[in-house]
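Heads up, the thing below is written out as structure tokens.
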Amino acid sequence: MIQSIDHLIITVNDLDAAILSYTKVLGLEPSWKGVHEDLGTSNALFVLDNIYLELLAADGSEGLGSAMVKATLELNGEGLSGLVLGTENVVKVRENLLKQSSEIKELSCGTGFDSFQGLKRTWKNLFLPFSLTRGLFAFVIEHESEKLPFKIPQASSVHKLDHVVINTNDPDGFIGLYRDTFGIRLALDQTVKKWGGRMLFFRLNQTTLEVIGKPDTEEPVDKLWGLAWTVKDLHATYKRLQEQGVDVTPVKEGRKDKTLVCTIKSDTCGVPTLLIQHLS
């Protein structure tokens with residue numbers, strides 16, 4: 001039913017400032033800078049090998065999207081705020097979900113304009129109710145336009161998304177939604193006695209949903225937490241970031257065998273961010 005993790009959304013106060021920060025972090029220029037005129041929002045999109053990253057801001061006008069962005073910023077500040085799942089048939093996805101939830105809404109049509117490049121994009125969305133996603137803002141998207149233009153990266157650029165971290169207090173319920181309903185492959189389900197929880201890995205389009213499950217007696221809730229980006233030469237990336245004034249920890253061996261890692265401490269718009277190089 002779901003073919004990809006299409007993109008992730010970071011909600012920001014100042015889009016221009018966020019673009020400058022993520023151009024440094026990723027080592028890439030955005031492929032798109034545009035507006036959603038009907039929603040009252042503006043955005044920038046950074047295209048990677050397996051996903052794209054959306055920076056989203058209110059643009060000063062009125063609209064449902066603008067109100068949502070302002071409410072998110074007031075409640076949580078800048079940060080990772082949305083998970084978007086890709087499909088080739090959003091109508092079929094809706095039909096399947098209606099069998100499980102009466103709260104599934106109608107499809108909506110989206111349009112974006114990039115006046116700098118003279119481009120227009122269109123898509124269909126299915127916004128998922130919080131009762132289904134347990135509080136995590138998520139929707140399913142079917143693109144109607146061609147893929148976004150890809151900016152050729154430099155050697156020190158981020159290559160792709162390695163994983164996104166999600167916290168949950170109901171790992172069994174998470175499996176029920178993402179594996180059993182969405183059809184995303186569960187590659188790992190491991191109990192971690194050290195901290196008394198479970199670690200789940202869901203794999204799709206060369207990236208991983210890494211779920212940290214710590215059960216409790218509260219209502220089920222899932223929350224986006226952080227990102228890990230893959231690079232091909234971490235030492236080169238570390239050098240570039242230091243030269244650009246980004247606060248980054250020294251390169252060290254990762255917990256996983258044959259990996260190198262470092263953590264970015266600034267310019268991430270509130271998103272805990274790890275860089276990782278796989279040595280084999």
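Residue names in the structure tokens use chain letters A, B, ... in the order shown, residue numbers from 1 in each chain, and ligand numbers from 1 in the order shown.
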Show me, as a Markdown table, the residues of range 83-122 of chain A having an atom within 9 Å of range 136-151 of chain A, each with the closest atom pair and its distance in Å, using only C-alpha atoms.
```
| residue | atom | partner | partner_atom | distance |
| --- | --- | --- | --- | --- |
| A:Leu83 | CA | A:Ala138 | CA | 4.8 |
| A:Val84 | CA | A:Phe139 | CA | 5.2 |
| A:Leu85 | CA | A:Val140 | CA | 4.7 |
| A:Gly86 | CA | A:Ile141 | CA | 5.1 |
| A:Thr87 | CA | A:Glu142 | CA | 5.4 |
| A:Glu88 | CA | A:Glu142 | CA | 5.7 |
| A:Asn89 | CA | A:Glu142 | CA | 6.6 |
| A:Val90 | CA | A:Glu142 | CA | 5.9 |
| A:Val93 | CA | A:Val140 | CA | 8.3 |
| A:Lys120 | CA | A:Ser145 | CA | 8.2 |
| A:Arg121 | CA | A:Ser145 | CA | 5.6 |
| A:Thr122 | CA | A:Glu144 | CA | 5.5 |
```
Residues within 10 Å of Ile152 in chain A, please, as a PyMOL selection string. Count only C-alpha atoms; anything in the same chain fewer than 3 positions from it doesn't count. chain A and resi 28-29+47-48+149+155+157
For the residues selected in the previous step, produce a file with N, CA and C atoms as a PDB file, in the first residue's frame.
```pdb
ATOM      1  N   LEU A  28      24.072  20.958   0.232  1.00  0.00           N
ATOM      2  CA  LEU A  28      23.265  21.014  -0.981  1.00  0.00           C
ATOM      3  C   LEU A  28      22.464  22.295  -1.020  1.00  0.00           C
ATOM      4  N   GLU A  29      22.202  22.777  -2.230  1.00  0.00           N
ATOM      5  CA  GLU A  29      21.247  23.862  -2.419  1.00  0.00           C
ATOM      6  C   GLU A  29      19.849  23.266  -2.522  1.00  0.00           C
ATOM      7  N   VAL A  47      16.482  17.702  -2.130  1.00  0.00           N
ATOM      8  CA  VAL A  47      16.333  16.354  -2.677  1.00  0.00           C
ATOM      9  C   VAL A  47      17.590  15.537  -2.423  1.00  0.00           C
ATOM     10  N   LEU A  48      17.385  14.329  -1.863  1.00  0.00           N
ATOM     11  CA  LEU A  48      18.477  13.387  -1.626  1.00  0.00           C
ATOM     12  C   LEU A  48      18.219  12.116  -2.422  1.00  0.00           C
ATOM     13  N   PRO A 149      13.902  18.460  -9.428  1.00  0.00           N
ATOM     14  CA  PRO A 149      15.269  18.506  -9.954  1.00  0.00           C
ATOM     15  C   PRO A 149      16.282  18.203  -8.866  1.00  0.00           C
ATOM     16  N   ALA A 155      31.532  16.137  -2.739  1.00  0.00           N
ATOM     17  CA  ALA A 155      31.988  14.918  -2.068  1.00  0.00           C
ATOM     18  C   ALA A 155      31.606  14.892  -0.594  1.00  0.00           C
ATOM     19  N   SER A 157      28.895  16.233   0.753  1.00  0.00           N
ATOM     20  CA  SER A 157      27.459  16.427   0.968  1.00  0.00           C
ATOM     21  C   SER A 157      26.812  15.205   1.603  1.00  0.00           C
TER      22      SER A 157
END
```
I need the residues in range 11-202 of chain A that are alpha helix (DSSP H) according to DSSP; give them as number ranges by chain. A: 15-26, 64-76, 90-98, 130-133, 171-175
Neighbouring residues of Ala71 in chain A were defined as those with any atom within 12 Å, considering only C-alpha atoms; residues of the same chain fewer than 5 positions away were excluded. Please report them as a PyMOL selection string. chain A and resi 11-13+57-58+64-66+76-78+81
Kindly provide the residues of range 84-156 of chain A that approach range 33-38 of chain A to within 12 Å, each paired with its closest atom pair and their distance in Å to one decimal, based on only C-alpha atoms, listed by chain and increasing number, as a Markdown table.
```
| residue | atom | partner | partner_atom | distance |
| --- | --- | --- | --- | --- |
| A:Ser108 | CA | A:Asp38 | CA | 11.7 |
| A:Cys109 | CA | A:Asp38 | CA | 10.5 |
| A:Gly110 | CA | A:His36 | CA | 7.9 |
| A:Thr111 | CA | A:His36 | CA | 6.4 |
| A:Gly112 | CA | A:His36 | CA | 5.0 |
| A:Phe113 | CA | A:Gly34 | CA | 5.1 |
| A:Asp114 | CA | A:Gly34 | CA | 4.1 |
| A:Ser115 | CA | A:Gly34 | CA | 6.7 |
| A:Phe116 | CA | A:Lys33 | CA | 7.3 |
| A:Gln117 | CA | A:Lys33 | CA | 8.5 |
| A:Gly118 | CA | A:Gly34 | CA | 9.8 |
| A:Leu119 | CA | A:Gly34 | CA | 8.9 |
| A:Lys120 | CA | A:Gly34 | CA | 8.9 |
| A:Arg121 | CA | A:Gly34 | CA | 9.7 |
| A:Thr122 | CA | A:His36 | CA | 10.5 |
| A:Trp123 | CA | A:His36 | CA | 11.9 |
| A:Leu148 | CA | A:Lys33 | CA | 11.2 |
| A:Pro149 | CA | A:Lys33 | CA | 11.7 |
```
Taking C-alpha atoms for each residue, export the selection above as a PDB file, in the first residue's frame.
```
ATOM      1  CA  SER A 108      -7.291  16.863  -1.078  1.00  0.00           C
ATOM      2  CA  CYS A 109      -5.431  18.301  -4.060  1.00  0.00           C
ATOM      3  CA  GLY A 110      -2.233  20.268  -3.548  1.00  0.00           C
ATOM      4  CA  THR A 111      -0.434  22.799  -5.709  1.00  0.00           C
ATOM      5  CA  GLY A 112       2.954  24.441  -5.236  1.00  0.00           C
ATOM      6  CA  PHE A 113       4.631  27.238  -7.209  1.00  0.00           C
ATOM      7  CA  ASP A 114       8.345  28.023  -7.457  1.00  0.00           C
ATOM      8  CA  SER A 115       8.454  31.515  -8.957  1.00  0.00           C
ATOM      9  CA  PHE A 116      12.280  31.498  -9.056  1.00  0.00           C
ATOM     10  CA  GLN A 117      12.365  28.580 -11.494  1.00  0.00           C
ATOM     11  CA  GLY A 118       8.917  29.064 -13.012  1.00  0.00           C
ATOM     12  CA  LEU A 119       7.820  25.609 -11.918  1.00  0.00           C
ATOM     13  CA  LYS A 120       4.532  24.168 -10.689  1.00  0.00           C
ATOM     14  CA  ARG A 121       3.935  20.923  -8.813  1.00  0.00           C
ATOM     15  CA  THR A 122       0.664  19.111  -8.134  1.00  0.00           C
ATOM     16  CA  TRP A 123      -0.232  16.154  -5.932  1.00  0.00           C
ATOM     17  CA  LEU A 148      12.016  17.358  -8.347  1.00  0.00           C
ATOM     18  CA  PRO A 149      15.269  18.506  -9.954  1.00  0.00           C
TER      19      PRO A 149
END
```
Can I get the residues of range 82-171 of chain A within 6 Å of range 209-228 of chain A, each with the closest pair of atoms and their distance in Å to one decimal, using only C-alpha atoms, sorted chain first then ascending number, as JSON lines?
```
{"residue": "A:Arg134", "atom": "CA", "partner": "A:Val221", "partner_atom": "CA", "distance": 4.7}
{"residue": "A:Gly135", "atom": "CA", "partner": "A:Val221", "partner_atom": "CA", "distance": 5.8}
{"residue": "A:Leu136", "atom": "CA", "partner": "A:Asp222", "partner_atom": "CA", "distance": 5.7}
{"residue": "A:Asp162", "atom": "CA", "partner": "A:Ala228", "partner_atom": "CA", "distance": 5.4}
{"residue": "A:His163", "atom": "CA", "partner": "A:Ala228", "partner_atom": "CA", "distance": 5.3}
{"residue": "A:Val164", "atom": "CA", "partner": "A:Leu227", "partner_atom": "CA", "distance": 4.6}
{"residue": "A:Val165", "atom": "CA", "partner": "A:Glu210", "partner_atom": "CA", "distance": 4.8}
{"residue": "A:Ile166", "atom": "CA", "partner": "A:Leu224", "partner_atom": "CA", "distance": 4.5}
{"residue": "A:Asn167", "atom": "CA", "partner": "A:Ile212", "partner_atom": "CA", "distance": 4.9}
{"residue": "A:Thr168", "atom": "CA", "partner": "A:Asp222", "partner_atom": "CA", "distance": 4.5}
{"residue": "A:Asn169", "atom": "CA", "partner": "A:Pro215", "partner_atom": "CA", "distance": 4.3}
{"residue": "A:Asp170", "atom": "CA", "partner": "A:Pro215", "partner_atom": "CA", "distance": 5.4}
{"residue": "A:Pro171", "atom": "CA", "partner": "A:Gly213", "partner_atom": "CA", "distance": 5.2}
```
Save the residues we just selected, N, CA and C atoms, as a tab-separated table (two decimals), in the first residue's frame?
```
chain	number	residue	atom	x	y	z
A	134	ARG	N	-1.89	8.23	16.27
A	134	ARG	CA	-1.59	8.40	17.69
A	134	ARG	C	-0.83	9.69	17.95
A	135	GLY	N	-1.32	10.78	17.33
A	135	GLY	CA	-0.78	12.10	17.59
A	135	GLY	C	0.33	12.56	16.67
A	136	LEU	N	0.82	11.68	15.82
A	136	LEU	CA	1.90	12.05	14.90
A	136	LEU	C	1.29	12.62	13.62
A	162	ASP	N	19.62	8.03	6.44
A	162	ASP	CA	19.89	6.71	6.99
A	162	ASP	C	18.69	6.23	7.80
A	163	HIS	N	18.24	7.06	8.75
A	163	HIS	CA	17.04	6.69	9.51
A	163	HIS	C	16.43	7.89	10.20
A	164	VAL	N	15.15	7.77	10.51
A	164	VAL	CA	14.42	8.75	11.30
A	164	VAL	C	14.01	8.06	12.59
A	165	VAL	N	14.18	8.74	13.72
A	165	VAL	CA	13.87	8.15	15.02
A	165	VAL	C	12.48	8.61	15.48
A	166	ILE	N	11.68	7.64	15.89
A	166	ILE	CA	10.33	7.90	16.40
A	166	ILE	C	10.21	7.25	17.78
A	167	ASN	N	9.69	7.98	18.75
A	167	ASN	CA	9.43	7.44	20.08
A	167	ASN	C	7.97	7.02	20.21
A	168	THR	N	7.74	5.90	20.87
A	168	THR	CA	6.37	5.45	21.10
A	168	THR	C	6.26	4.81	22.48
A	169	ASN	N	5.09	4.88	23.06
A	169	ASN	CA	4.83	4.16	24.31
A	169	ASN	C	3.99	2.91	24.07
A	170	ASP	N	3.79	2.57	22.80
A	170	ASP	CA	2.97	1.41	22.42
A	170	ASP	C	3.57	0.73	21.20
A	171	PRO	N	4.67	-0.01	21.37
A	171	PRO	CA	5.32	-0.64	20.20
A	171	PRO	C	4.43	-1.63	19.47
```
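Ranking A:Pro250, A:Asn205, A:Asp233, A:Lys265 by their shortest atom-to-atom distance to Leu279 in chain A, with only C-alpha atoms included, puts A:Asp233 first.
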CA of Thr208 in chain A and CA of Ile51 in chain A are how many Å apart? 11.4 Å
For Val91 in chain A: contacts at 10 Å, only C-alpha atoms, fewer than 5 positions along chain excluded, given as an mmCIF file with C-alpha atoms, in the first residue's frame:
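Contents of out10.cif, as written:
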```cif
data_model
loop_
_atom_site.group_PDB
_atom_site.id
_atom_site.type_symbol
_atom_site.label_atom_id
_atom_site.label_comp_id
_atom_site.auth_asym_id
_atom_site.auth_seq_id
_atom_site.Cartn_x
_atom_site.Cartn_y
_atom_site.Cartn_z
ATOM 1 C CA ASN A 96 -8.217 0.290 2.476
ATOM 2 C CA GLU A 106 -11.678 12.887 1.594
ATOM 3 C CA LEU A 107 -8.623 13.349 -0.610
ATOM 4 C CA LYS A 124 -3.029 14.412 -4.049
ATOM 5 C CA ASN A 125 -2.970 14.098 -0.254
ATOM 6 C CA LEU A 126 -4.735 11.928 2.267
ATOM 7 C CA GLU A 142 0.601 10.696 -4.634
#
```
Per DSSP on the backbone, what are the strand (DSSP E or B) residues of range 47-215 of chain A, as a ChimeraX atom specification? /A:47,52-58,79-86,108-114,119-127,138-143,158-168,185-192,197-204,207-213
What does the distance between CA of Glu253 in chain A and CA of Tyr238 in chain A come to in Å, to one decimal place? 13.9 Å
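The space between CA of Leu73 in chain A and CA of Phe46 in chain A spans 21.2 Å.
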Closest to Gln206 in chain A among A:Lys160, A:Ala18, A:Trp32, A:Val69, using only C-alpha atoms?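 Of all the options, A:Lys160 lies closest to Gln206 in chain A.
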Which residue of A:Leu241, A:Ile175, A:Leu56, A:Leu200 approaches Ala17 in chain A most closely, using only C-alpha atoms: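 That would be A:Leu56, the residue with the smallest distance to Ala17 in chain A.
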